[in-house]
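Peer 1: Below is run.cif; it holds mmCIF, C-alpha atoms.
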data_protein
loop_
_atom_site.group_PDB
_atom_site.id
_atom_site.type_symbol
_atom_site.label_atom_id
_atom_site.label_comp_id
_atom_site.auth_asym_id
_atom_site.auth_seq_id
_atom_site.Cartn_x
_atom_site.Cartn_y
_atom_site.Cartn_z
ATOM 1 C CA MET A 1 192.600 93.957 83.410
ATOM 2 C CA LYS A 2 194.208 92.545 86.539
ATOM 3 C CA VAL A 3 193.273 93.823 90.000
ATOM 4 C CA ALA A 4 195.263 93.103 93.172
ATOM 5 C CA ILE A 5 193.704 93.977 96.531
ATOM 6 C CA ILE A 6 195.040 93.863 100.085
ATOM 7 C CA ALA A 7 192.339 93.528 102.754
ATOM 8 C CA ALA A 8 193.905 94.456 106.093
ATOM 9 C CA ASN A 9 190.900 95.585 108.130
ATOM 10 C CA GLY A 10 187.964 93.721 109.555
ATOM 11 C CA SER A 11 184.856 95.868 109.961
ATOM 12 C CA MET A 12 181.691 95.543 107.925
ATOM 13 C CA PHE A 13 182.565 98.706 106.010
ATOM 14 C CA ASP A 14 185.883 97.161 105.043
ATOM 15 C CA ALA A 15 184.123 94.056 103.772
ATOM 16 C CA TYR A 16 181.950 96.092 101.404
ATOM 17 C CA LYS A 17 184.872 98.181 100.193
ATOM 18 C CA VAL A 18 186.801 95.044 99.331
ATOM 19 C CA PHE A 19 184.050 92.854 97.902
ATOM 20 C CA ASN A 20 182.174 95.540 95.955
ATOM 21 C CA ILE A 21 185.310 96.436 94.043
ATOM 22 C CA ALA A 22 186.308 92.781 93.681
ATOM 23 C CA THR A 23 182.948 91.568 92.330
ATOM 24 C CA ALA A 24 182.525 94.598 90.058
ATOM 25 C CA ALA A 25 185.997 93.981 88.642
ATOM 26 C CA ALA A 26 185.345 90.274 88.160
ATOM 27 C CA ALA A 27 182.059 91.102 86.398
ATOM 28 C CA THR A 28 184.066 93.330 84.070
ATOM 29 C CA ASP A 29 186.232 90.378 83.032
ATOM 30 C CA ALA A 30 189.137 91.326 85.306
ATOM 31 C CA GLU A 31 191.388 88.782 86.971
ATOM 32 C CA VAL A 32 191.077 89.586 90.683
ATOM 33 C CA GLY A 33 193.191 88.517 93.660
ATOM 34 C CA ILE A 34 192.702 89.523 97.312
ATOM 35 C CA PHE A 35 195.294 89.044 100.041
ATOM 36 C CA PHE A 36 193.652 88.887 103.482
ATOM 37 C CA THR A 37 195.990 89.846 106.288
ATOM 38 C CA PHE A 38 195.608 90.711 109.995
ATOM 39 C CA GLU A 39 192.049 91.925 110.746
ATOM 40 C CA GLY A 40 191.262 91.430 107.067
ATOM 41 C CA LEU A 41 191.050 87.694 107.788
ATOM 42 C CA ASN A 42 187.698 88.387 109.514
ATOM 43 C CA LEU A 43 186.188 89.001 106.080
ATOM 44 C CA ILE A 44 186.587 85.348 105.085
ATOM 45 C CA HIS A 45 186.295 83.691 108.507
ATOM 46 C CA LYS A 46 183.394 81.190 108.347
ATOM 47 C CA GLU A 47 181.499 82.569 111.344
ATOM 48 C CA GLY A 48 183.182 85.945 111.661
ATOM 49 C CA HIS A 49 182.248 87.265 108.222
ATOM 50 C CA LYS A 50 178.543 86.786 108.914
ATOM 51 C CA ASN A 51 178.670 89.096 111.898
ATOM 52 C CA LEU A 52 181.199 91.804 111.219
ATOM 53 C CA PRO A 53 181.248 94.843 113.521
ATOM 54 C CA LEU A 54 180.286 98.298 112.325
ATOM 55 C CA PRO A 55 182.864 100.940 113.210
ATOM 56 C CA PRO A 56 182.312 102.538 116.664
ATOM 57 C CA GLY A 57 179.540 105.124 116.382
ATOM 58 C CA GLY A 58 178.400 103.723 113.038
ATOM 59 C CA GLU A 59 175.894 101.234 114.386
ATOM 60 C CA HIS A 60 172.966 103.223 113.048
ATOM 61 C CA TYR A 61 174.106 102.476 109.486
ATOM 62 C CA GLN A 62 172.654 98.986 109.885
ATOM 63 C CA GLU A 63 169.353 100.543 108.888
ATOM 64 C CA GLY A 64 170.862 102.162 105.813
ATOM 65 C CA PHE A 65 172.317 98.867 104.587
ATOM 66 C CA LYS A 66 168.864 97.323 104.818
ATOM 67 C CA LYS A 67 167.187 100.256 103.082
ATOM 68 C CA ALA A 68 169.651 100.227 100.186
ATOM 69 C CA ASN A 69 169.087 96.463 99.835
ATOM 70 C CA VAL A 70 172.827 95.750 100.099
ATOM 71 C CA PRO A 71 173.481 91.989 100.032
ATOM 72 C CA PRO A 72 174.935 90.409 103.183
ATOM 73 C CA VAL A 73 178.716 89.997 103.254
ATOM 74 C CA ASP A 74 178.630 86.196 103.027
ATOM 75 C CA GLU A 75 176.595 86.465 99.833
ATOM 76 C CA LEU A 76 179.171 88.796 98.311
ATOM 77 C CA VAL A 77 181.962 86.421 99.328
ATOM 78 C CA ASN A 78 180.149 83.528 97.608
ATOM 79 C CA MET A 79 179.603 85.609 94.531
ATOM 80 C CA ALA A 80 183.247 86.630 94.395
ATOM 81 C CA SER A 81 184.256 83.002 94.736
ATOM 82 C CA GLU A 82 181.853 81.910 91.960
ATOM 83 C CA MET A 83 183.236 84.567 89.653
ATOM 84 C CA GLY A 84 186.761 83.238 90.129
ATOM 85 C CA VAL A 85 188.168 85.861 92.491
ATOM 86 C CA LYS A 86 191.358 84.428 93.961
ATOM 87 C CA MET A 87 191.422 84.747 97.748
ATOM 88 C CA ILE A 88 194.653 84.295 99.637
ATOM 89 C CA ALA A 89 194.763 84.121 103.443
ATOM 90 C CA CYS A 90 198.002 85.276 105.041
ATOM 91 C CA GLN A 91 199.852 82.329 106.575
ATOM 92 C CA MET A 92 201.806 84.471 108.993
ATOM 93 C CA THR A 93 198.684 86.117 110.462
ATOM 94 C CA MET A 94 197.043 82.696 110.761
ATOM 95 C CA ASP A 95 200.058 81.424 112.726
ATOM 96 C CA VAL A 96 200.023 84.449 115.026
ATOM 97 C CA MET A 97 196.290 84.072 115.666
ATOM 98 C CA SER A 98 196.303 80.243 115.761
ATOM 99 C CA LEU A 99 193.852 79.938 112.889
ATOM 100 C CA GLU A 100 193.491 76.940 110.574
ATOM 101 C CA LYS A 101 192.475 76.866 106.920
ATOM 102 C CA GLU A 102 189.289 74.953 107.864
ATOM 103 C CA GLN A 103 188.032 77.979 109.765
ATOM 104 C CA PHE A 104 187.770 79.971 106.561
ATOM 105 C CA VAL A 105 185.252 79.893 103.717
ATOM 106 C CA GLU A 106 185.627 77.267 100.978
ATOM 107 C CA GLY A 107 187.911 77.834 98.046
ATOM 108 C CA ILE A 108 190.558 80.063 99.596
ATOM 109 C CA ASP A 109 194.296 79.621 99.253
ATOM 110 C CA VAL A 110 196.813 80.124 102.004
ATOM 111 C CA GLY A 111 200.042 81.871 101.179
ATOM 112 C CA GLY A 112 202.697 84.306 102.195
ATOM 113 C CA ALA A 113 203.635 87.785 101.077
ATOM 114 C CA VAL A 114 205.473 86.547 98.007
ATOM 115 C CA THR A 115 202.389 84.647 96.815
ATOM 116 C CA PHE A 116 200.522 87.945 96.720
ATOM 117 C CA LEU A 117 203.431 89.897 95.280
ATOM 118 C CA THR A 118 203.819 87.418 92.465
ATOM 119 C CA PHE A 119 200.152 87.876 91.594
ATOM 120 C CA ALA A 120 200.335 91.673 91.984
ATOM 121 C CA LYS A 121 203.568 92.344 90.129
ATOM 122 C CA ASP A 122 201.861 92.871 86.762
ATOM 123 C CA ALA A 123 198.490 94.124 88.048
ATOM 124 C CA ASP A 124 196.855 97.124 86.377
ATOM 125 C CA VAL A 125 195.155 98.209 89.606
ATOM 126 C CA THR A 126 196.459 97.688 93.147
ATOM 127 C CA LEU A 127 194.321 98.633 96.121
ATOM 128 C CA THR A 128 194.687 98.454 99.889
ATOM 129 C CA PHE A 129 191.741 98.510 102.253
ATOM 130 C CA MET B 130 160.966 97.851 72.966
ATOM 131 C CA ASN B 131 161.610 94.480 71.399
ATOM 132 C CA VAL B 132 164.585 92.789 73.147
ATOM 133 C CA ASN B 133 165.920 89.241 73.500
ATOM 134 C CA LYS B 134 166.227 89.359 77.285
ATOM 135 C CA MET B 135 164.870 91.510 80.097
ATOM 136 C CA LEU B 136 166.842 91.641 83.339
ATOM 137 C CA ASP B 137 165.124 93.005 86.425
ATOM 138 C CA ALA B 138 167.758 94.557 88.695
ATOM 139 C CA LYS B 139 165.370 97.004 90.354
ATOM 140 C CA GLY B 140 165.962 97.673 94.059
ATOM 141 C CA LEU B 141 169.517 96.347 93.898
ATOM 142 C CA SER B 142 172.516 98.454 94.826
ATOM 143 C CA CYS B 143 176.008 98.556 93.349
ATOM 144 C CA PRO B 144 177.645 96.249 92.334
ATOM 145 C CA MET B 145 174.665 93.908 91.915
ATOM 146 C CA PRO B 146 173.210 95.374 88.689
ATOM 147 C CA ILE B 147 176.617 94.925 87.037
ATOM 148 C CA VAL B 148 177.173 91.453 88.480
ATOM 149 C CA LYS B 149 173.751 90.335 87.205
ATOM 150 C CA THR B 150 174.261 92.015 83.838
ATOM 151 C CA LYS B 151 177.521 90.149 83.387
ATOM 152 C CA LYS B 152 175.882 86.833 84.250
ATOM 153 C CA GLU B 153 172.932 87.278 81.875
ATOM 154 C CA MET B 154 175.090 88.665 79.096
ATOM 155 C CA THR B 155 177.178 85.507 79.132
ATOM 156 C CA ALA B 156 174.042 83.511 78.301
ATOM 157 C CA LEU B 157 173.069 85.708 75.326
ATOM 158 C CA GLU B 158 173.976 84.911 71.735
ATOM 159 C CA PRO B 159 176.298 87.405 70.030
ATOM 160 C CA GLY B 160 174.249 90.210 68.487
ATOM 161 C CA GLN B 161 171.321 89.827 70.889
ATOM 162 C CA VAL B 162 169.953 92.763 72.848
ATOM 163 C CA MET B 163 169.225 92.931 76.581
ATOM 164 C CA GLU B 164 167.208 95.431 78.602
ATOM 165 C CA VAL B 165 168.450 95.968 82.166
ATOM 166 C CA GLN B 166 165.956 97.618 84.510
ATOM 167 C CA ALA B 167 167.563 99.263 87.524
ATOM 168 C CA THR B 168 166.778 101.831 90.181
ATOM 169 C CA ASP B 169 170.408 102.348 91.265
ATOM 170 C CA LYS B 170 171.133 105.890 90.052
ATOM 171 C CA GLY B 171 174.793 105.032 89.533
ATOM 172 C CA SER B 172 173.906 102.259 87.127
ATOM 173 C CA THR B 173 173.828 104.466 84.014
ATOM 174 C CA ALA B 174 177.477 105.438 84.351
ATOM 175 C CA ASP B 175 178.415 101.926 85.487
ATOM 176 C CA ILE B 176 176.658 100.090 82.655
ATOM 177 C CA LYS B 177 178.207 102.436 80.118
ATOM 178 C CA ALA B 178 181.703 101.911 81.565
ATOM 179 C CA TRP B 179 181.132 98.163 81.857
ATOM 180 C CA ALA B 180 180.162 97.900 78.192
ATOM 181 C CA LYS B 181 183.238 99.850 77.185
ATOM 182 C CA SER B 182 185.570 97.638 79.256
ATOM 183 C CA THR B 183 184.041 94.366 78.117
ATOM 184 C CA GLY B 184 183.706 95.361 74.451
ATOM 185 C CA ASN B 185 179.913 95.129 74.466
ATOM 186 C CA HIS B 186 177.701 97.696 72.863
ATOM 187 C CA TYR B 187 175.813 100.226 75.033
ATOM 188 C CA LEU B 188 172.791 101.468 73.086
ATOM 189 C CA GLY B 189 171.257 103.920 75.529
ATOM 190 C CA THR B 190 169.085 104.456 78.582
ATOM 191 C CA VAL B 191 165.431 105.386 78.895
ATOM 192 C CA GLU B 192 164.076 106.843 82.145
ATOM 193 C CA ASP B 193 160.674 105.534 83.115
ATOM 194 C CA GLY B 194 159.696 107.121 86.436
ATOM 195 C CA ASP B 195 162.261 105.861 88.961
ATOM 196 C CA THR B 196 163.286 102.991 86.704
ATOM 197 C CA LEU B 197 166.275 103.250 84.413
ATOM 198 C CA LYS B 198 166.063 100.990 81.373
ATOM 199 C CA HIS B 199 169.508 100.329 79.938
ATOM 200 C CA TYR B 200 169.934 98.691 76.548
ATOM 201 C CA LEU B 201 172.978 96.577 75.743
ATOM 202 C CA ARG B 202 173.910 94.486 72.749
ATOM 203 C CA LYS B 203 176.307 91.583 72.969
ATOM 204 C CA ALA B 204 179.158 92.368 70.641
ATOM 205 C CA THR B 205 180.545 90.004 68.040
ATOM 206 C CA ALA B 206 184.175 90.182 67.029
ATOM 207 C CA GLU B 207 183.483 89.431 63.334
ATOM 208 C CA GLU B 208 181.124 92.296 62.722
ATOM 209 C CA GLU B 209 183.595 95.033 63.650
ATOM 210 C CA LYS B 210 184.895 94.948 60.093
ATOM 211 C CA ALA B 211 182.737 95.942 57.130
ATOM 212 C CA GLU B 212 182.125 92.985 54.836
ATOM 213 C CA THR B 213 181.860 93.450 51.080
ATOM 214 C CA LYS B 214 180.839 90.101 49.640
ATOM 215 C CA HIS B 215 177.952 91.940 48.025
ATOM 216 C CA PRO B 216 179.609 93.728 45.069
ATOM 217 C CA HIS B 217 177.572 96.950 45.104
ATOM 218 C CA VAL B 218 178.828 99.214 47.832
ATOM 219 C CA THR B 219 178.321 102.867 48.572
ATOM 220 C CA ASN B 220 179.736 105.109 51.287
ATOM 221 C CA LEU B 221 178.099 107.396 53.823
ATOM 222 C CA GLY B 222 179.067 110.584 51.966
ATOM 223 C CA ASP B 223 177.377 109.449 48.774
ATOM 224 C CA LEU B 224 174.298 108.379 50.658
ATOM 225 C CA GLN B 225 174.038 111.754 52.348
ATOM 226 C CA GLU B 226 174.491 113.566 49.054
ATOM 227 C CA ARG B 227 171.725 111.569 47.428
ATOM 228 C CA MET B 228 169.424 112.231 50.371
ATOM 229 C CA GLU B 229 170.111 115.964 50.156
ATOM 230 C CA GLY B 230 169.370 115.809 46.446
ATOM 231 C CA ASN B 231 165.857 114.799 47.486
ATOM 232 C CA GLU B 232 166.077 111.643 45.427
ATOM 233 C CA ASN B 233 163.497 109.094 46.354
ATOM 234 C CA ILE B 234 165.650 106.332 47.810
ATOM 235 C CA THR B 235 164.871 103.582 50.273
ATOM 236 C CA ILE B 236 167.151 103.211 53.293
ATOM 237 C CA LEU B 237 166.829 99.847 54.982
ATOM 238 C CA ASP B 238 168.337 99.638 58.483
ATOM 239 C CA VAL B 239 168.874 95.995 59.454
ATOM 240 C CA ARG B 240 169.972 96.551 63.067
ATOM 241 C CA GLU B 241 167.951 95.405 66.082
ATOM 242 C CA PRO B 242 164.927 97.569 67.060
ATOM 243 C CA ALA B 243 166.656 98.894 70.199
ATOM 244 C CA GLU B 244 169.705 99.990 68.186
ATOM 245 C CA PHE B 245 167.403 101.661 65.675
ATOM 246 C CA ALA B 246 165.408 103.393 68.424
ATOM 247 C CA PHE B 247 168.460 105.194 69.852
ATOM 248 C CA GLY B 248 169.429 106.758 66.534
ATOM 249 C CA HIS B 249 168.689 106.166 62.861
ATOM 250 C CA ILE B 250 168.707 108.059 59.587
ATOM 251 C CA PRO B 251 165.436 109.970 59.175
ATOM 252 C CA GLY B 252 163.102 108.004 56.931
ATOM 253 C CA ALA B 253 164.961 104.722 57.269
ATOM 254 C CA VAL B 254 162.913 101.514 57.439
ATOM 255 C CA ASN B 255 163.829 99.033 60.188
ATOM 256 C CA ILE B 256 163.791 95.312 59.429
ATOM 257 C CA PRO B 257 166.308 93.448 61.629
ATOM 258 C CA LEU B 258 168.525 91.043 59.690
ATOM 259 C CA GLY B 259 166.945 88.079 61.475
ATOM 260 C CA GLU B 260 163.453 89.058 60.254
ATOM 261 C CA LEU B 261 164.380 89.873 56.675
ATOM 262 C CA GLU B 262 163.546 86.396 55.378
ATOM 263 C CA ASP B 263 159.919 86.840 56.505
ATOM 264 C CA ARG B 264 159.509 90.537 55.831
ATOM 265 C CA PHE B 265 161.453 91.363 52.638
ATOM 266 C CA GLU B 266 158.223 91.792 50.689
ATOM 267 C CA GLU B 267 157.603 95.055 52.582
ATOM 268 C CA LEU B 268 160.233 96.528 50.251
ATOM 269 C CA ASP B 269 159.517 97.697 46.714
ATOM 270 C CA LYS B 270 161.437 95.641 44.137
ATOM 271 C CA ASN B 271 161.624 98.573 41.728
ATOM 272 C CA GLU B 272 163.292 100.928 44.132
ATOM 273 C CA GLU B 273 166.953 101.347 44.835
ATOM 274 C CA VAL B 274 167.539 99.942 48.333
ATOM 275 C CA HIS B 275 170.424 101.258 50.457
ATOM 276 C CA ILE B 276 171.099 98.870 53.311
ATOM 277 C CA ILE B 277 172.816 100.003 56.479
ATOM 278 C CA CYS B 278 173.733 98.504 59.871
ATOM 279 C CA ARG B 279 176.282 99.535 62.517
ATOM 280 C CA THR B 280 179.465 98.450 60.755
ATOM 281 C CA GLY B 281 178.616 97.237 57.252
ATOM 282 C CA ASN B 282 178.637 93.578 58.194
ATOM 283 C CA ARG B 283 174.989 92.662 58.749
ATOM 284 C CA SER B 284 174.037 94.946 55.865
ATOM 285 C CA ASP B 285 176.300 92.909 53.589
ATOM 286 C CA LEU B 286 174.419 89.728 54.515
ATOM 287 C CA ALA B 287 171.103 91.526 54.015
ATOM 288 C CA ALA B 288 172.208 92.797 50.586
ATOM 289 C CA GLN B 289 173.091 89.259 49.525
ATOM 290 C CA LYS B 290 169.730 87.996 50.755
ATOM 291 C CA LEU B 291 167.719 90.648 48.889
ATOM 292 C CA THR B 292 169.691 90.007 45.708
ATOM 293 C CA GLU B 293 168.837 86.329 46.077
ATOM 294 C CA LYS B 294 165.159 87.302 46.371
ATOM 295 C CA GLY B 295 165.290 89.115 43.054
ATOM 296 C CA TYR B 296 166.013 92.666 44.117
ATOM 297 C CA ALA B 297 168.224 94.068 41.366
ATOM 298 C CA ASN B 298 169.197 97.442 42.757
ATOM 299 C CA VAL B 299 170.677 96.873 46.211
ATOM 300 C CA LYS B 300 173.606 98.730 47.745
ATOM 301 C CA ASN B 301 175.500 98.028 50.965
ATOM 302 C CA VAL B 302 176.328 101.271 52.794
ATOM 303 C CA VAL B 303 179.745 101.138 54.487
ATOM 304 C CA PRO B 304 181.030 101.552 57.110
ATOM 305 C CA GLY B 305 177.608 102.085 58.718
ATOM 306 C CA MET B 306 175.874 103.970 61.517
ATOM 307 C CA LYS B 307 178.881 104.022 63.840
ATOM 308 C CA GLU B 308 180.479 106.580 61.491
ATOM 309 C CA TRP B 309 177.296 108.415 60.465
ATOM 310 C CA LYS B 310 177.611 112.165 61.119
ATOM 311 C CA GLY B 311 174.333 113.294 59.531
ATOM 312 C CA LYS B 312 170.898 113.771 61.052
ATOM 313 C CA LEU B 313 169.563 111.213 63.496
ATOM 314 C CA ASN B 314 166.036 110.425 64.562
ATOM 315 C CA GLN B 315 165.165 108.685 67.805
ATOM 316 C CA ASN B 316 162.035 106.852 68.810
ATOM 317 C CA HIS B 317 161.878 105.645 72.371
#
Can you turn what I pasted into structure tokens?

Peer 2:
Amino acid sequence: MKVAIIAANGSMFDAYKVFNIATAAAATDAEVGIFFTFEGLNLIHKEGHKNLPLPPGGEHYQEGFKKANVPPVDELVNMASEMGVKMIACQMTMDVMSLEKEQFVEGIDVGGAVTFLTFAKDADVTLTF
Amino acid sequence: MNVNKMLDAKGLSCPMPIVKTKKEMTALEPGQVMEVQATDKGSTADIKAWAKSTGNHYLGTVEDGDTLKHYLRKATAEEEKAETKHPHVTNLGDLQERMEGNENITILDVREPAEFAFGHIPGAVNIPLGELEDRFEELDKNEEVHIICRTGNRSDLAAQKLTEKGYANVKNVVPGMKEWKGKLNQNH
């Protein structure tokens, strides 16, 4: 199985949507690639991904995350990386936002739209978050 | 239940039970059985689906209060095909017929205890293949022994071993429990 994911949003909810599916797929022997673009780059930003915002009005869910013993986002990112999930940061967004590769977590690749499309062209599952 | 590995995934939410299961399963030897303890209510459906996708063998789940105990067996590619190195083979239909005829026959099930617990032929004796060397004397040499496993592969090895030990009347039942449509007993 091959799973291609686009992460285009940057709240804490978005991080869990992306990384839960990605790690579950990797644990099921899938080849997984995620393309991080626009706000999605927050999810792999070294400092940013440790302090992602909850959507407006959803602040009270903080409690629920704790109660359900959901691992912190940076732990999920590490896990995904250890399981071989390919993470591609969008070059164009980085240029627009003046971001450098060093500002992101270890082990990511930087690429453009075609890098992702080449990975996704024969994917069995394609998801956008 | 006797297992090779116990994984405690209690208190963890999706996808952690699956991620941990995957990690521990990689370390198991083919054919070994793992118990995964979880409290995530979605884990039963997830573990079942995971086993199906990865080709591993989901044995079943036991509920113990709030804890779900899932049993998985690491699959081996070789055993999917029935092996017939042992020359005396019988099929499931014949076995069932002989049982219905009330003949006094011994059925030896050489699968792992957890596999046996989730469904076996009533009256079958369970000695896992790996313990047969030490426990074969529990079987009567004068009786006709029908050996069964999941696919007819482990039972073939067991039939060869018993023959080696001087058992003259040993039959390998093929294809095995995965095709068995008759009565099943459970003990868990």

Peer 1: Write out, as JSON lines, each residue of chain A that has an atom at most 8 Å from chain B, together with the closest pair of atoms and their distance in Å to one decimal, counting only C-alpha atoms, rows going by chain and rising number.

Peer 2:
{"residue": "A:Asn20", "atom": "CA", "partner": "B:Pro144", "partner_atom": "CA", "distance": 5.8}
{"residue": "A:Ile21", "atom": "CA", "partner": "B:Pro144", "partner_atom": "CA", "distance": 7.9}
{"residue": "A:Thr23", "atom": "CA", "partner": "B:Val148", "partner_atom": "CA", "distance": 6.9}
{"residue": "A:Ala24", "atom": "CA", "partner": "B:Pro144", "partner_atom": "CA", "distance": 5.6}
{"residue": "A:Ala27", "atom": "CA", "partner": "B:Val148", "partner_atom": "CA", "distance": 5.3}
{"residue": "A:Thr28", "atom": "CA", "partner": "B:Thr183", "partner_atom": "CA", "distance": 6.0}
{"residue": "A:Asp29", "atom": "CA", "partner": "B:Thr183", "partner_atom": "CA", "distance": 6.7}
{"residue": "A:Ala68", "atom": "CA", "partner": "B:Ser142", "partner_atom": "CA", "distance": 6.3}
{"residue": "A:Asn69", "atom": "CA", "partner": "B:Leu141", "partner_atom": "CA", "distance": 6.0}
{"residue": "A:Val70", "atom": "CA", "partner": "B:Ser142", "partner_atom": "CA", "distance": 5.9}

Peer 1: Rounded to one decimal in Å, what is the spacing between CA of Glu241 (chain B) and CA of Gly171 (chain B)?

Peer 2: 26.3 Å

Peer 1: Contacts of region 210-222 of chain B at 8 Å or less, counting all atoms listed in the file, minus same-chain residues fewer than 2 places along, as a list in words?

Peer 2: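 Once the nearby chain positions are removed, what remains is Glu207, Glu208, Leu224, Gln225, Glu226, Thr280, Gly281, Asn282, Asp285, Leu286, Ala288, Gln289, Val299, Lys300, Asn301, Val302, Val303, Pro304, Gly305 and Trp309 of chain B.
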
Peer 1: What would the selection look like, as an MDAnalysis selection string, if the PyMOL selection byres ((chain A and resi 45) around 12) were run on the coordinates I just shared?

Peer 2: chainID A and resid 10 15 36:44 46:52 73:74 77 87 89 94 99:106 108

Peer 1: Using Å and a single decimal, report how far CA of Asp193 (chain B) sits from CA of Ala243 (chain B).

Peer 2: 15.7 Å

Peer 1: Restricting the calculation to only C-alpha atoms: of B:Thr292, B:Asn233, B:Ser172, B:Thr155, which residue gets closest to Arg202 (chain B)?

Peer 2: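 Using only C-alpha atoms, Arg202 (chain B) sits closest to B:Thr155.
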
Peer 1: Identify, on the basis of all atoms listed in the file, every residue whose closest approach to Val125 (chain A) does not exceed 12 Å; exclude the query and any residue fewer than 3 positions from it along the same chain; express the result as a PyMOL selection string.

Peer 2: chain A and resi 1-6+21-22+25+30-34+119-122+128

Peer 1: To one decimal in Å, tell me the separation between CA of Glu260 (chain B) and CA of Gln166 (chain B).

Peer 2: 25.8 Å

Peer 1: Which residues are near Ala246 (chain B)? Cut-off 10 Å, all atoms listed in the file, ignore same chain within fewer than 3 positions. Put them as JSON, numbers by chain.

Peer 2: {"B": [130, 188, 189, 240, 241, 242, 243, 249, 255, 314, 315, 316, 317]}

Peer 1: Within 12 Å of (184.3, 100.7, 115.8), all atoms listed in the file: residues as a PyMOL selection string?

Peer 2: chain A and resi 9-14+52-60

Peer 1: Give me the box for region 149-163 of chain B as AutoDock Vina command-line options, namely the centre and edge lengths in Å to one decimal of a box along x, y and z that holds every listed atom plus 5 Å on each side.

Peer 2:
--center_x 173.4 --center_y 88.2 --center_z 77.8 --size_x 18.3 --size_y 19.4 --size_z 28.7

Peer 1: Which one is closest to Asp109 (chain A): A:Ile88, A:Ala26, A:Met83, A:Ala7? Count only C-alpha atoms.

Peer 2: A:Ile88

Peer 1: Written as a PyMOL selection string, what is the full residue list that the PyMOL selection byres ((chain B and resi 265) around 12) yields on the file shown?

Peer 2: chain B and resi 237+239+254-264+266-270+274+287-288+290-296

Peer 1: Let me know the residues the PyMOL selection byres ((chain B and resi 199) around 10) catches in the file above, as a ChimeraX atom specification.

Peer 2: /B:135-136,163-167,172-173,176-177,187-192,196-198,200-201

Peer 1: Would you mind telling me which residue in B:Ile234, B:Ile250, B:Met228, B:Ala297 lies nearest to Arg279 (chain B) when using all atoms listed in the file?

Peer 2: B:Ile250

Peer 1: Go through A:Leu76, A:Phe35, A:Pro71, A:Lys66 and flag the residue nearest Thr118 (chain A), using only C-alpha atoms for the distances.

Peer 2: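 For Thr118 (chain A), the nearest of the given residues is A:Phe35.
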